[in-house]
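Shown next: data.txt, containing compact mmCIF, C-alpha atoms.
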# COMPACT_ATOMS: atom_id res chain seq x y z
CA MET L 30 0.00 0.00 0.00
CA GLU L 31 1.21 3.49 -0.82
CA GLU L 32 2.33 5.82 1.94
CA ALA L 33 -0.11 8.49 3.07
CA ARG L 34 0.76 11.80 1.46
CA PRO L 35 0.01 15.24 2.87
CA ILE L 36 -2.51 17.43 1.05
CA ARG L 37 0.20 19.93 0.14
CA ALA L 38 1.51 17.55 -2.53
CA ALA L 39 -1.78 17.85 -4.37
CA GLU L 40 -1.71 21.64 -4.04
CA GLU L 41 1.68 21.62 -5.74
CA CYS L 42 0.30 19.54 -8.62
CA TRP L 43 -2.56 21.99 -9.07
CA GLY L 44 -0.23 24.65 -10.40
CA ARG L 45 -0.62 28.39 -10.24
CA ARG L 46 -3.67 29.99 -8.68
CA LEU L 47 -5.52 32.18 -11.10
CA PRO L 48 -5.26 35.90 -10.54
CA ARG L 49 -8.18 37.60 -8.81
CA ILE L 50 -9.71 34.33 -7.57
CA GLU L 51 -10.50 34.34 -3.87
CA PRO L 52 -9.55 30.95 -2.40
CA PHE L 53 -12.67 28.80 -1.92
CA ARG L 54 -12.00 28.30 1.78
CA GLN L 55 -11.79 32.08 2.24
CA THR L 56 -15.07 32.59 0.39
CA LEU L 57 -16.74 30.06 2.71
CA ALA L 58 -15.30 31.87 5.76
CA ARG L 59 -16.46 35.26 4.45
CA HIS L 60 -20.01 33.87 4.38
CA GLY L 61 -19.57 32.34 7.84
CA LEU L 62 -19.69 28.86 6.33
CA GLU L 63 -17.74 25.68 6.86
CA LEU L 64 -17.99 22.61 4.66
CA THR L 65 -18.43 19.58 6.87
CA ARG L 66 -19.93 16.16 6.35
CA GLY L 67 -23.49 15.27 7.14
CA GLU L 68 -24.60 11.67 7.46
CA THR L 69 -22.92 9.64 4.70
CA THR L 70 -25.49 7.68 2.74
CA THR L 71 -23.77 7.07 -0.61
CA LEU L 72 -20.61 5.20 -1.52
CA GLN L 73 -19.37 6.16 -4.95
CA VAL L 74 -17.15 3.48 -6.44
CA ASN L 75 -14.83 4.41 -9.27
CA VAL L 76 -14.07 1.06 -10.90
CA GLY L 77 -11.42 2.41 -13.25
CA LEU L 78 -10.26 5.13 -15.60
CA LEU L 79 -10.40 2.92 -18.67
CA CYS L 80 -13.04 4.21 -21.07
CA ASN L 81 -13.97 3.63 -24.72
CA GLN L 82 -14.35 7.42 -25.10
CA ALA L 83 -12.03 10.32 -24.29
CA CYS L 84 -14.53 13.10 -23.59
CA HIS L 85 -13.10 16.61 -23.69
CA HIS L 86 -14.73 17.59 -20.38
CA CYS L 87 -13.52 14.55 -18.39
CA HIS L 88 -11.99 15.68 -15.09
CA LEU L 89 -10.38 12.23 -14.64
CA GLU L 90 -8.89 12.12 -18.13
CA ALA L 91 -10.38 8.68 -18.63
CA GLY L 92 -9.82 7.06 -22.00
CA PRO L 93 -8.91 3.97 -24.01
CA ASP L 94 -5.23 4.25 -23.08
CA ARG L 95 -5.75 4.27 -19.32
CA ARG L 96 -4.76 1.10 -17.52
CA GLU L 97 -6.12 1.96 -14.08
CA VAL L 98 -8.89 -0.59 -13.45
CA MET L 99 -10.19 -1.72 -10.06
CA LYS L 100 -8.76 -5.17 -9.30
CA PRO L 101 -11.03 -7.98 -8.05
CA GLU L 102 -9.44 -7.86 -4.58
CA THR L 103 -10.15 -4.12 -4.30
CA GLY L 104 -13.71 -4.82 -5.45
CA ASP L 105 -13.97 -7.46 -2.73
CA ALA L 106 -12.70 -4.89 -0.20
CA VAL L 107 -15.48 -2.52 -1.31
CA VAL L 108 -18.09 -5.26 -0.85
CA ALA L 109 -16.65 -6.14 2.58
CA PHE L 110 -16.79 -2.46 3.58
CA VAL L 111 -20.44 -2.21 2.50
CA ARG L 112 -21.20 -5.29 4.59
CA ARG L 113 -19.51 -3.66 7.61
CA CYS L 114 -20.97 -0.17 7.15
CA ARG L 115 -24.52 0.19 6.00
CA VAL L 116 -24.89 2.59 3.05
CA GLY L 117 -28.10 3.52 1.28
CA VAL L 118 -26.75 3.99 -2.23
CA ILE L 119 -23.88 2.60 -4.30
CA ASP L 120 -22.97 4.89 -7.17
CA ILE L 121 -20.73 3.08 -9.67
CA THR L 122 -18.67 5.28 -11.96
CA GLY L 123 -15.48 5.32 -14.06
CA GLY L 124 -14.13 5.67 -16.82
CA ALA L 125 -16.67 3.43 -18.42
CA PRO L 126 -17.58 1.04 -15.59
CA GLU L 127 -18.82 -1.45 -18.17
CA LEU L 128 -15.20 -2.06 -19.24
CA ASN L 129 -14.30 -3.47 -15.83
CA PRO L 130 -14.72 -7.24 -16.40
CA LYS L 131 -15.70 -7.78 -12.76
CA LEU L 132 -18.51 -5.22 -12.72
CA GLY L 133 -21.26 -7.84 -12.91
CA ARG L 134 -19.76 -9.78 -10.03
CA MET L 135 -19.53 -6.60 -7.96
CA ILE L 136 -23.17 -5.67 -8.62
CA LYS L 137 -24.31 -9.18 -7.66
CA SER L 138 -22.23 -9.09 -4.46
CA LEU L 139 -23.42 -5.61 -3.44
CA ALA L 140 -27.11 -5.97 -4.30
CA PRO L 141 -28.17 -7.88 -1.15
CA PHE L 142 -26.65 -5.21 1.12
CA VAL L 143 -27.81 -1.91 -0.42
CA PRO L 144 -31.28 -0.67 -1.27
CA ARG L 145 -30.15 1.23 -4.35
CA ILE L 146 -27.39 0.82 -6.93
CA MET L 147 -26.70 3.40 -9.65
CA LEU L 148 -24.52 2.78 -12.68
CA ARG L 149 -23.11 5.78 -14.53
CA SER L 150 -22.87 4.96 -18.20
CA ASN L 151 -21.63 6.76 -21.29
CA LEU L 152 -24.20 4.63 -23.19
CA THR L 153 -21.81 3.61 -25.99
CA ALA L 154 -19.98 1.15 -23.70
CA LEU L 155 -23.31 -0.31 -22.58
CA ARG L 156 -24.50 -0.65 -26.16
CA GLU L 157 -21.89 -3.22 -27.20
CA ARG L 158 -23.54 -6.60 -27.84
CA GLU L 159 -21.29 -8.50 -25.41
CA ARG L 160 -22.72 -6.35 -22.60
CA ASP L 161 -26.26 -7.71 -23.03
CA SER L 162 -25.81 -9.96 -20.01
CA LEU L 163 -24.66 -6.95 -17.97
CA VAL L 164 -27.80 -5.03 -18.96
CA ASP L 165 -29.92 -8.07 -17.97
CA LEU L 166 -28.10 -8.23 -14.65
CA CYS L 167 -28.73 -4.53 -14.06
CA ARG L 168 -32.39 -5.01 -14.86
CA ASN L 169 -32.71 -7.99 -12.54
CA HIS L 170 -31.14 -6.05 -9.66
CA ARG L 171 -33.09 -2.86 -10.45
CA VAL L 172 -29.85 -0.94 -11.00
CA ALA L 173 -30.63 2.67 -11.94
CA ILE L 174 -28.76 3.77 -15.06
CA VAL L 175 -27.45 7.33 -15.12
CA ALA L 176 -26.51 8.16 -18.69
CA SER L 177 -24.60 11.08 -20.17
CA LEU L 178 -26.29 12.99 -22.98
CA PRO L 179 -24.96 16.55 -23.14
CA SER L 180 -27.01 17.93 -25.99
CA LEU L 181 -29.90 17.23 -28.33
CA ASN L 182 -27.69 18.53 -31.11
CA GLU L 183 -25.48 15.87 -32.71
CA ALA L 184 -22.55 18.18 -33.52
CA GLN L 185 -22.46 19.67 -30.03
CA ALA L 186 -22.82 16.33 -28.27
CA GLU L 187 -19.97 14.95 -30.35
CA SER L 188 -17.80 18.02 -29.80
CA GLN L 189 -17.71 16.88 -26.16
CA ARG L 190 -17.84 13.09 -26.49
CA GLY L 191 -16.33 12.16 -29.86
CA ARG L 192 -17.44 11.34 -33.38
CA GLY L 193 -20.27 8.87 -33.82
CA VAL L 194 -21.27 8.94 -30.15
CA PHE L 195 -24.61 10.74 -30.54
CA ARG L 196 -26.36 8.17 -32.73
CA LYS L 197 -24.98 5.29 -30.68
CA SER L 198 -26.25 7.01 -27.53
CA ILE L 199 -29.72 7.46 -29.02
CA ALA L 200 -29.74 3.79 -30.07
CA ALA L 201 -28.64 2.74 -26.57
CA LEU L 202 -31.41 4.81 -24.95
CA GLN L 203 -33.99 3.25 -27.29
CA ARG L 204 -32.73 -0.22 -26.39
CA LEU L 205 -32.87 0.55 -22.67
CA ASN L 206 -36.44 1.77 -23.13
CA SER L 207 -37.31 -1.47 -24.97
CA LEU L 208 -35.99 -3.42 -21.97
CA GLY L 209 -38.22 -1.48 -19.61
CA TYR L 210 -35.79 1.24 -18.52
CA GLY L 211 -37.43 4.63 -18.12
CA ARG L 212 -40.33 3.19 -16.09
CA ALA L 213 -40.78 3.94 -12.40
CA ASP L 214 -39.20 0.64 -11.27
CA LEU L 215 -36.28 0.74 -13.74
CA GLU L 216 -34.81 4.20 -13.54
CA LEU L 217 -33.11 5.76 -16.53
CA ASN L 218 -31.72 9.17 -15.65
CA LEU L 219 -29.86 11.59 -17.88
CA VAL L 220 -26.93 13.85 -17.09
CA VAL L 221 -26.35 16.99 -19.13
CA ASN L 222 -22.97 18.70 -18.98
CA PRO L 223 -22.38 21.86 -21.03
CA THR L 224 -20.51 21.40 -24.29
CA GLY L 225 -18.03 24.18 -23.60
CA ALA L 226 -16.83 26.88 -21.21
CA PHE L 227 -20.24 27.96 -20.06
CA LEU L 228 -22.55 27.02 -17.21
CA PRO L 229 -25.37 24.49 -17.47
CA PRO L 230 -28.97 25.44 -18.24
CA SER L 231 -31.77 25.27 -15.70
CA GLN L 232 -32.38 21.65 -14.74
CA GLU L 233 -36.16 21.94 -14.76
CA GLN L 234 -36.37 23.63 -18.16
CA THR L 235 -33.81 21.27 -19.70
CA ALA L 236 -35.67 18.23 -18.40
CA ARG L 237 -38.89 19.54 -19.94
CA ARG L 238 -37.20 20.19 -23.28
CA PHE L 239 -35.27 16.90 -23.43
CA ARG L 240 -38.42 14.97 -22.50
CA GLU L 241 -40.34 16.61 -25.33
CA VAL L 242 -37.65 16.39 -28.04
CA LEU L 243 -36.34 12.91 -27.22
CA HIS L 244 -39.85 11.51 -27.27
CA LYS L 245 -40.93 13.35 -30.40
CA LYS L 246 -37.83 12.56 -32.46
CA TRP L 247 -36.79 9.14 -31.18
CA GLY L 248 -39.59 7.86 -28.92
CA ILE L 249 -37.28 7.93 -25.90
CA THR L 250 -38.50 8.31 -22.32
CA PHE L 251 -36.50 8.80 -19.13
CA ASN L 252 -37.15 9.38 -15.44
CA HIS L 253 -35.04 12.31 -14.26
CA LEU L 254 -32.50 14.69 -15.75
CA PHE L 255 -29.64 16.41 -13.95
CA THR L 256 -27.57 19.31 -15.22
CA PHE L 257 -24.02 19.61 -13.90
CA ALA L 258 -21.31 22.18 -14.57
CA ASN L 259 -17.98 21.00 -15.94
CA VAL L 260 -15.20 20.96 -13.34
CA PRO L 261 -12.01 22.77 -14.38
CA LEU L 262 -9.79 19.76 -13.76
CA GLY L 263 -8.13 17.14 -15.92
CA ARG L 264 -8.80 17.16 -19.65
CA PHE L 265 -11.37 19.96 -19.40
CA ARG L 266 -8.84 22.17 -17.61
CA HIS L 267 -6.23 21.47 -20.31
CA TRP L 268 -8.76 22.52 -22.95
CA LEU L 269 -9.68 25.67 -20.97
CA GLU L 270 -6.00 26.58 -20.81
CA ARG L 271 -5.33 25.87 -24.49
CA SER L 272 -8.41 27.75 -25.66
CA GLY L 273 -7.79 30.78 -23.43
CA ASN L 274 -11.03 30.21 -21.50
CA LEU L 275 -9.67 29.19 -18.09
CA GLU L 276 -9.71 32.59 -16.47
CA SER L 277 -13.13 33.68 -17.69
CA TYR L 278 -14.70 30.27 -16.96
CA THR L 279 -13.31 30.17 -13.43
CA ALA L 280 -14.39 33.76 -12.89
CA SER L 281 -17.94 32.85 -13.96
CA LEU L 282 -18.00 30.00 -11.41
CA VAL L 283 -16.73 32.32 -8.65
CA ALA L 284 -19.17 35.07 -9.60
CA ARG L 285 -22.08 32.64 -9.23
CA PHE L 286 -21.04 31.33 -5.82
CA ASN L 287 -24.28 30.57 -4.02
CA PRO L 288 -23.86 30.25 -0.25
CA CYS L 289 -27.25 28.54 -0.02
CA ALA L 290 -25.95 25.66 -2.18
CA VAL L 291 -23.31 24.64 0.39
CA GLN L 292 -25.74 22.90 2.73
CA GLY L 293 -26.99 20.53 0.01
CA LEU L 294 -23.69 19.65 -1.67
CA MET L 295 -23.26 16.05 -2.73
CA CYS L 296 -19.91 15.70 -0.93
CA ARG L 297 -21.66 16.14 2.44
CA THR L 298 -23.36 12.75 2.11
CA LEU L 299 -21.04 10.80 -0.19
CA VAL L 300 -17.70 9.04 0.04
CA SER L 301 -15.83 8.24 -3.14
CA VAL L 302 -13.52 5.26 -3.41
CA SER L 303 -10.93 5.28 -6.16
CA TRP L 304 -10.08 2.39 -8.52
CA ASP L 305 -7.18 1.51 -6.20
CA GLY L 306 -9.31 1.59 -3.06
CA TYR L 307 -8.58 4.96 -1.44
CA LEU L 308 -11.20 7.25 0.04
CA TYR L 309 -12.08 10.79 -1.06
CA ASP L 310 -14.85 13.26 -0.24
CA CYS L 311 -15.94 13.26 -3.89
CA ASP L 312 -14.90 12.27 -7.39
CA PHE L 313 -13.45 15.72 -8.06
CA ASN L 314 -11.19 15.55 -5.01
CA LEU L 315 -10.17 12.14 -6.31
CA ALA L 316 -9.18 13.77 -9.60
CA ARG L 317 -7.29 16.46 -7.65
CA GLY L 318 -5.61 13.95 -5.34
CA LEU L 319 -7.16 15.46 -2.18
CA PRO L 320 -7.87 12.45 0.03
CA LEU L 321 -10.58 12.30 2.67
CA GLY L 322 -9.28 13.53 6.00
CA GLY L 323 -6.01 14.78 4.45
CA ARG L 324 -4.26 11.40 4.18
CA LYS L 325 -4.75 8.34 2.01
CA ILE L 326 -6.87 5.71 3.74
CA HIS L 327 -7.53 2.39 2.02
CA ILE L 328 -11.09 1.08 2.19
CA SER L 329 -9.83 -2.22 3.64
CA ASP L 330 -8.24 -0.30 6.55
CA THR L 331 -11.39 1.34 7.85
CA ASP L 332 -14.54 -0.03 9.37
CA HIS L 333 -16.63 3.10 9.52
CA LEU L 334 -18.02 5.91 7.43
CA PRO L 335 -16.76 9.41 8.28
CA ALA L 336 -18.67 10.94 11.17
CA PRO L 337 -21.03 13.88 10.68
CA GLY L 338 -19.14 17.12 11.30
CA THR L 339 -15.87 15.88 9.75
CA SER L 340 -14.20 18.54 7.58
CA ILE L 341 -14.33 18.14 3.81
CA ALA L 342 -11.16 18.84 1.82
CA VAL L 343 -11.75 21.87 -0.40
CA SER L 344 -9.93 23.70 -3.14
CA ASP L 345 -10.79 26.18 -5.89
CA HIS L 346 -12.44 23.53 -8.09
CA CYS L 347 -15.19 23.44 -5.42
CA TYR L 348 -16.56 26.67 -6.93
CA THR L 349 -18.03 24.41 -9.65
CA CYS L 350 -20.43 22.75 -7.24
CA THR L 351 -21.52 25.98 -5.54
CA ALA L 352 -22.29 27.90 -8.75
CA GLY L 353 -25.95 28.73 -9.12
CA ALA L 354 -28.27 25.99 -7.93
CA GLY L 355 -25.26 23.87 -6.90
CA PHE L 356 -24.18 20.27 -7.43
CA THR L 357 -26.43 18.29 -5.13
CA MET P 4 -4.83 47.57 -31.44
CA GLU P 5 -7.19 50.10 -29.89
CA THR P 6 -10.82 49.87 -30.94
CA TYR P 7 -14.01 51.60 -29.88
CA TYR P 8 -15.36 48.28 -28.63
CA ASP P 9 -13.67 46.58 -25.66
CA PRO P 10 -15.02 43.28 -24.20
CA GLN P 11 -13.92 44.51 -20.76
CA ASP P 12 -16.54 47.27 -21.02
CA LEU P 13 -19.43 44.80 -20.87
CA PRO P 14 -19.07 43.98 -17.15
CA LYS P 15 -18.91 47.75 -16.50
CA PHE P 16 -22.42 48.24 -17.87
CA GLU P 17 -23.84 49.09 -14.45
CA GLU P 18 -21.47 52.09 -14.21
CA ILE P 19 -23.89 53.81 -16.56
CA GLY P 20 -26.00 54.39 -13.44
CA LYS P 21 -23.46 56.73 -11.85
CA GLU P 22 -24.86 59.95 -13.26
CA ALA P 23 -28.52 58.97 -13.40
CA PRO P 24 -29.03 56.22 -10.83
CA GLU P 25 -32.81 56.34 -10.76
CA LEU P 26 -33.13 55.99 -14.52
CA ALA P 27 -30.57 53.16 -14.50
CA ARG P 28 -32.41 51.38 -11.67
CA LYS P 29 -35.68 51.56 -13.59
CA PHE P 30 -34.02 50.39 -16.79
CA PHE P 31 -32.26 47.41 -15.19
CA GLU P 32 -35.39 46.38 -13.28
CA TYR P 33 -37.36 46.51 -16.49
CA TYR P 34 -34.60 44.63 -18.33
CA GLN P 35 -34.58 41.85 -15.73
CA ALA P 36 -38.36 41.59 -15.83
CA VAL P 37 -38.35 41.35 -19.62
CA PHE P 38 -35.96 38.38 -19.59
CA ALA P 39 -37.61 36.50 -16.72
CA ASP P 40 -39.66 33.39 -17.43
CA GLY P 41 -43.10 34.42 -18.59
CA GLU P 42 -45.39 33.31 -21.38
CA LEU P 43 -42.12 32.85 -23.25
CA GLY P 44 -39.35 30.93 -21.50
CA GLU P 45 -35.93 32.38 -20.71
CA ARG P 46 -34.40 30.21 -23.44
CA GLU P 47 -36.73 31.53 -26.14
CA LYS P 48 -36.22 35.12 -24.97
CA ALA P 49 -32.45 34.72 -25.19
CA LEU P 50 -32.82 33.44 -28.78
CA ILE P 51 -34.93 36.49 -29.68
CA ALA P 52 -32.33 38.75 -28.05
CA LEU P 53 -29.58 37.04 -30.06
CA ALA P 54 -31.48 37.66 -33.30
CA VAL P 55 -32.10 41.31 -32.39
CA ALA P 56 -28.44 41.68 -31.38
CA HIS P 57 -27.48 40.70 -34.92
CA THR P 58 -30.01 43.09 -36.39
CA ILE P 59 -28.61 46.03 -34.47
CA GLN P 60 -25.08 44.58 -34.85
CA CYS P 61 -24.17 45.20 -31.21
CA PRO P 62 -21.00 43.23 -30.34
CA TYR P 63 -21.71 43.46 -26.59
CA CYS P 64 -25.16 42.00 -27.10
CA ILE P 65 -23.88 39.28 -29.45
CA ASP P 66 -21.26 38.27 -26.85
CA ALA P 67 -23.73 38.33 -23.96
CA TYR P 68 -26.56 36.52 -25.75
CA THR P 69 -24.38 33.89 -27.42
CA ARG P 70 -23.28 32.90 -23.92
CA ALA P 71 -26.81 33.24 -22.55
CA CYS P 72 -28.27 31.05 -25.31
CA LEU P 73 -25.70 28.30 -24.66
CA GLU P 74 -26.21 28.51 -20.90
CA LYS P 75 -29.96 28.20 -21.38
CA GLY P 76 -29.51 25.04 -23.41
CA SER P 77 -29.87 26.24 -26.99
CA SER P 78 -27.82 24.51 -29.64
CA LEU P 79 -25.62 26.25 -32.16
CA ALA P 80 -28.05 25.10 -34.88
CA GLU P 81 -30.97 26.83 -33.13
CA MET P 82 -28.90 29.97 -32.61
CA THR P 83 -27.89 30.00 -36.27
CA GLU P 84 -31.54 29.68 -37.30
CA ALA P 85 -32.39 32.60 -35.00
CA VAL P 86 -29.73 34.72 -36.73
CA HIS P 87 -31.24 33.74 -40.09
CA VAL P 88 -34.63 34.95 -38.88
CA ALA P 89 -33.05 38.34 -38.19
CA VAL P 90 -31.32 38.28 -41.57
CA ALA P 91 -34.53 37.31 -43.37
CA ILE P 92 -36.51 40.13 -41.78
CA ARG P 93 -33.73 42.59 -42.38
CA GLY P 94 -33.25 41.46 -45.96
CA GLY P 95 -36.98 41.26 -46.53
CA ALA P 96 -37.41 44.78 -45.23
CA SER P 97 -34.95 45.99 -47.85
CA LEU P 98 -36.47 43.91 -50.58
CA VAL P 99 -40.06 44.94 -49.90
CA HIS P 100 -38.96 48.55 -50.47
CA GLY P 101 -38.35 47.43 -54.01
CA ILE P 102 -42.10 47.84 -54.43
CA GLN P 103 -41.62 51.57 -53.78
CA MET P 104 -38.94 51.52 -56.44
CA ARG P 105 -41.31 49.80 -58.82
CA ASN P 106 -44.15 52.21 -57.97
CA ILE P 107 -41.99 55.27 -58.59
CA ALA P 108 -40.44 53.83 -61.71
CA GLY P 109 -43.93 52.88 -62.94
CA LYS P 110 -45.24 56.35 -62.31
CA ILE P 111 -42.53 58.11 -64.26
CA SER P 112 -42.03 55.58 -67.00
CA LEU P 113 -43.90 55.23 -70.26
Could you show the structure in this file as structure tokens?
Amino acid sequence: MEEARPIRAAEECWGRRLPRIEPFRQTLARHGLELTRGETTTLQVNVGLLCNQACHHCHLEAGPDRREVMKPETGDAVVAFVRRCRVGVIDITGGAPELNPKLGRMIKSLAPFVPRIMLRSNLTALRERERDSLVDLCRNHRVAIVASLPSLNEAQAESQRGRGVFRKSIAALQRLNSLGYGRADLELNLVVNPTGAFLPPSQEQTARRFREVLHKKWGITFNHLFTFANVPLGRFRHWLERSGNLESYTASLVARFNPCAVQGLMCRTLVSVSWDGYLYDCDFNLARGLPLGGRKIHISDTDHLPAPGTSIAVSDHCYTCTAGAGFT
Amino acid sequence: METYYDPQDLPKFEEIGKEAPELARKFFEYYQAVFADGELGEREKALIALAVAHTIQCPYCIDAYTRACLEKGSSLAEMTEAVHVAVAIRGGASLVHGIQMRNIAGKISL
């Protein structure tokens, strides 16, 4: 197991602070706020950075060349942890989780111990024919599928996710619908991330519009839709830098800091476990290398969820989740 | 190169209230009310504003409403169609004056 590293190492990796950006911690303090954990109900499991796509907004820089995949023994440690510590929700993410060959085994092992399992999918990885048995397994265990679809416009969707992805995604959604997904008991939820250096549209209005257009054009139905801002980390940050948008994008996140969003932030009720088994307050802190509690703790070395009131590691990327309505 | 238009001027818009604060307050209140969700949604209003921005060829407005349209979930295809609506009306307005030309020419021609 790797040695625990202090947070400062991650700060050094982050590079220069942008001019005129008030540090996130200072902004919290100015509003008399502190970001601490509530009761942890969700365990997010990142089963690997391997992905069949290399989306331009990916904060983890997942892609076909990545070799970081959760090993079976780490998966077993996750299952053992869930058996020790009761959690309400397992949120499986990646990379493309479907590319982890042990995903089915993990779902089967976790299902008896958690009331709800969510699988984040890019749709194209789920669409491959050899994954039919995985889809059946998901259906049998009532696994909610959370699928990325950034835009109703083919060119814009593909500007984020790669050529050919839009039509495959539409076909995958139609297939999921034909298998019963999109009904109340088989949840199919969509995630919309902006296709550039701008903030996401209103969740309610986007849901209304996607529902109408997807049904009218392709007969697709879904349960819920979530809009999330892109986090200026990883591949998206590189693009922001290259395109000269980093400063203005970060400034727009800071300008829309909403103190009321802090209370409902996702990181207050979630713990994220990386592909190699270490714990983080959220997937973005995982991307930044900011471990939970300030030092790397392996999931096999702990027998409890973090207590309510524990501090959450923060940095300037946290402005993403507090912009506007917030990332809840 | 110095130009009359500077993108950094856009965030300074509210400074216009310094000499006539009451008029500025009324204008900005009205402006906000116009763009709020109503019988038309915010997304549709932003598309109209983008089309008008092209008609009056205001670079500040084009900058602001390109961003607003994207942030309200419009696609580039929808925004391009909105610009064409402005172009069609603008072009049509010129072309329909051709009837005046024809009327005058008709009146003075054999």
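Counting from CA of Ser281 (chain L), the distance to CA of Ala58 (chain L) is 19.9 Å.
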* Have a look at CA of Arg156 (chain L) and CA of Arg204 (chain L) and let me know their distance in Å, one decimal. => 8.2 Å
* Residues at most 10 Å from Leu79 (chain P), counting only C-alpha atoms, excluding those fewer than 5 positions away in the same chain, as a PyMOL selection string? -> (chain L and resi 182+184-185) or (chain P and resi 69+72-73+84-85)
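For the set L:Thr349, L:Asn252, L:Ser303, L:Ser344, the residue with the smallest atom-to-atom gap to Pro229 (chain L) is L:Thr349, counting only C-alpha atoms.
In plain terms, chain P touches chain L through Arg70, Glu74, Lys75, Gly76 and Ser78 of chain P, where touching means an atom at most 7 Å away, counting only C-alpha atoms.
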Could the residues in this selection be saved with C-alpha atoms as an mmCIF file, keeping the file's coordinate frame?
data_model
loop_
_atom_site.group_PDB
_atom_site.id
_atom_site.type_symbol
_atom_site.label_atom_id
_atom_site.label_comp_id
_atom_site.auth_asym_id
_atom_site.auth_seq_id
_atom_site.Cartn_x
_atom_site.Cartn_y
_atom_site.Cartn_z
ATOM 1 C CA ARG P 70 -23.280 32.900 -23.920
ATOM 2 C CA GLU P 74 -26.210 28.510 -20.900
ATOM 3 C CA LYS P 75 -29.960 28.200 -21.380
ATOM 4 C CA GLY P 76 -29.510 25.040 -23.410
ATOM 5 C CA SER P 78 -27.820 24.510 -29.640
#
* Distance in Å - CA of Met82 (chain P) versus CA of Asp9 (chain P) -> 23.6 Å
* Asked: Looking at only C-alpha atoms, which of P:Lys29, P:Arg93, P:Arg46, P:Arg105 is the one that sits closest to Gln60 (chain P)?
  -> P:Arg93
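Remark: for Ala52 (chain P), the closest of the candidate residues P:Glu25, P:Asp66, P:Glu5, P:Glu18 is P:Asp66 (distances computed over only C-alpha atoms).
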Applying 12 Å and only C-alpha atoms, which residues near Ala354 (chain L) remain after dropping the ones on its own chain fewer than 3 positions away? List them as an mmCIF file with C-alpha atoms, keeping the file's coordinate frame.
data_model
loop_
_atom_site.group_PDB
_atom_site.id
_atom_site.type_symbol
_atom_site.label_atom_id
_atom_site.label_comp_id
_atom_site.auth_asym_id
_atom_site.auth_seq_id
_atom_site.Cartn_x
_atom_site.Cartn_y
_atom_site.Cartn_z
ATOM 1 C CA LEU L 228 -22.550 27.020 -17.210
ATOM 2 C CA PRO L 229 -25.370 24.490 -17.470
ATOM 3 C CA PRO L 230 -28.970 25.440 -18.240
ATOM 4 C CA SER L 231 -31.770 25.270 -15.700
ATOM 5 C CA GLN L 232 -32.380 21.650 -14.740
ATOM 6 C CA GLU L 233 -36.160 21.940 -14.760
ATOM 7 C CA PHE L 255 -29.640 16.410 -13.950
ATOM 8 C CA THR L 256 -27.570 19.310 -15.220
ATOM 9 C CA PHE L 257 -24.020 19.610 -13.900
ATOM 10 C CA ALA L 258 -21.310 22.180 -14.570
ATOM 11 C CA LEU L 282 -18.000 30.000 -11.410
ATOM 12 C CA ARG L 285 -22.080 32.640 -9.230
ATOM 13 C CA PHE L 286 -21.040 31.330 -5.820
ATOM 14 C CA ASN L 287 -24.280 30.570 -4.020
ATOM 15 C CA PRO L 288 -23.860 30.250 -0.250
ATOM 16 C CA CYS L 289 -27.250 28.540 -0.020
ATOM 17 C CA ALA L 290 -25.950 25.660 -2.180
ATOM 18 C CA VAL L 291 -23.310 24.640 0.390
ATOM 19 C CA GLN L 292 -25.740 22.900 2.730
ATOM 20 C CA GLY L 293 -26.990 20.530 0.010
ATOM 21 C CA LEU L 294 -23.690 19.650 -1.670
ATOM 22 C CA TYR L 348 -16.560 26.670 -6.930
ATOM 23 C CA THR L 349 -18.030 24.410 -9.650
ATOM 24 C CA CYS L 350 -20.430 22.750 -7.240
ATOM 25 C CA THR L 351 -21.520 25.980 -5.540
ATOM 26 C CA THR L 357 -26.430 18.290 -5.130
#
Selection near Ile65 (chain P), 12 Å with only C-alpha atoms, sequence-local residues under 5 positions removed, as a compact mmCIF listing (two decimals) with C-alpha atoms, in the coordinates of the input:
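Dumped to part-v8.txt:
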# COMPACT_ATOMS: atom_id res chain seq x y z
CA PRO P 10 -15.02 43.28 -24.20
CA LEU P 13 -19.43 44.80 -20.87
CA ALA P 49 -32.45 34.72 -25.19
CA LEU P 50 -32.82 33.44 -28.78
CA ILE P 51 -34.93 36.49 -29.68
CA ALA P 52 -32.33 38.75 -28.05
CA LEU P 53 -29.58 37.04 -30.06
CA ALA P 54 -31.48 37.66 -33.30
CA VAL P 55 -32.10 41.31 -32.39
CA ALA P 56 -28.44 41.68 -31.38
CA HIS P 57 -27.48 40.70 -34.92
CA THR P 58 -30.01 43.09 -36.39
CA ILE P 59 -28.61 46.03 -34.47
CA GLN P 60 -25.08 44.58 -34.85
CA ARG P 70 -23.28 32.90 -23.92
CA ALA P 71 -26.81 33.24 -22.55
CA CYS P 72 -28.27 31.05 -25.31
CA MET P 82 -28.90 29.97 -32.61
CA VAL P 86 -29.73 34.72 -36.73
Can you tell me, as AutoDock Vina command-line options, the centre and edge lengths (Å, one decimal) of the axis-aligned box enclosing all of region 24-39 of chain P's listed atoms after padding each side by 3 Å?
--center_x -33.7 --center_y 46.4 --center_z -15.2 --size_x 15.3 --size_y 25.8 --size_z 14.9
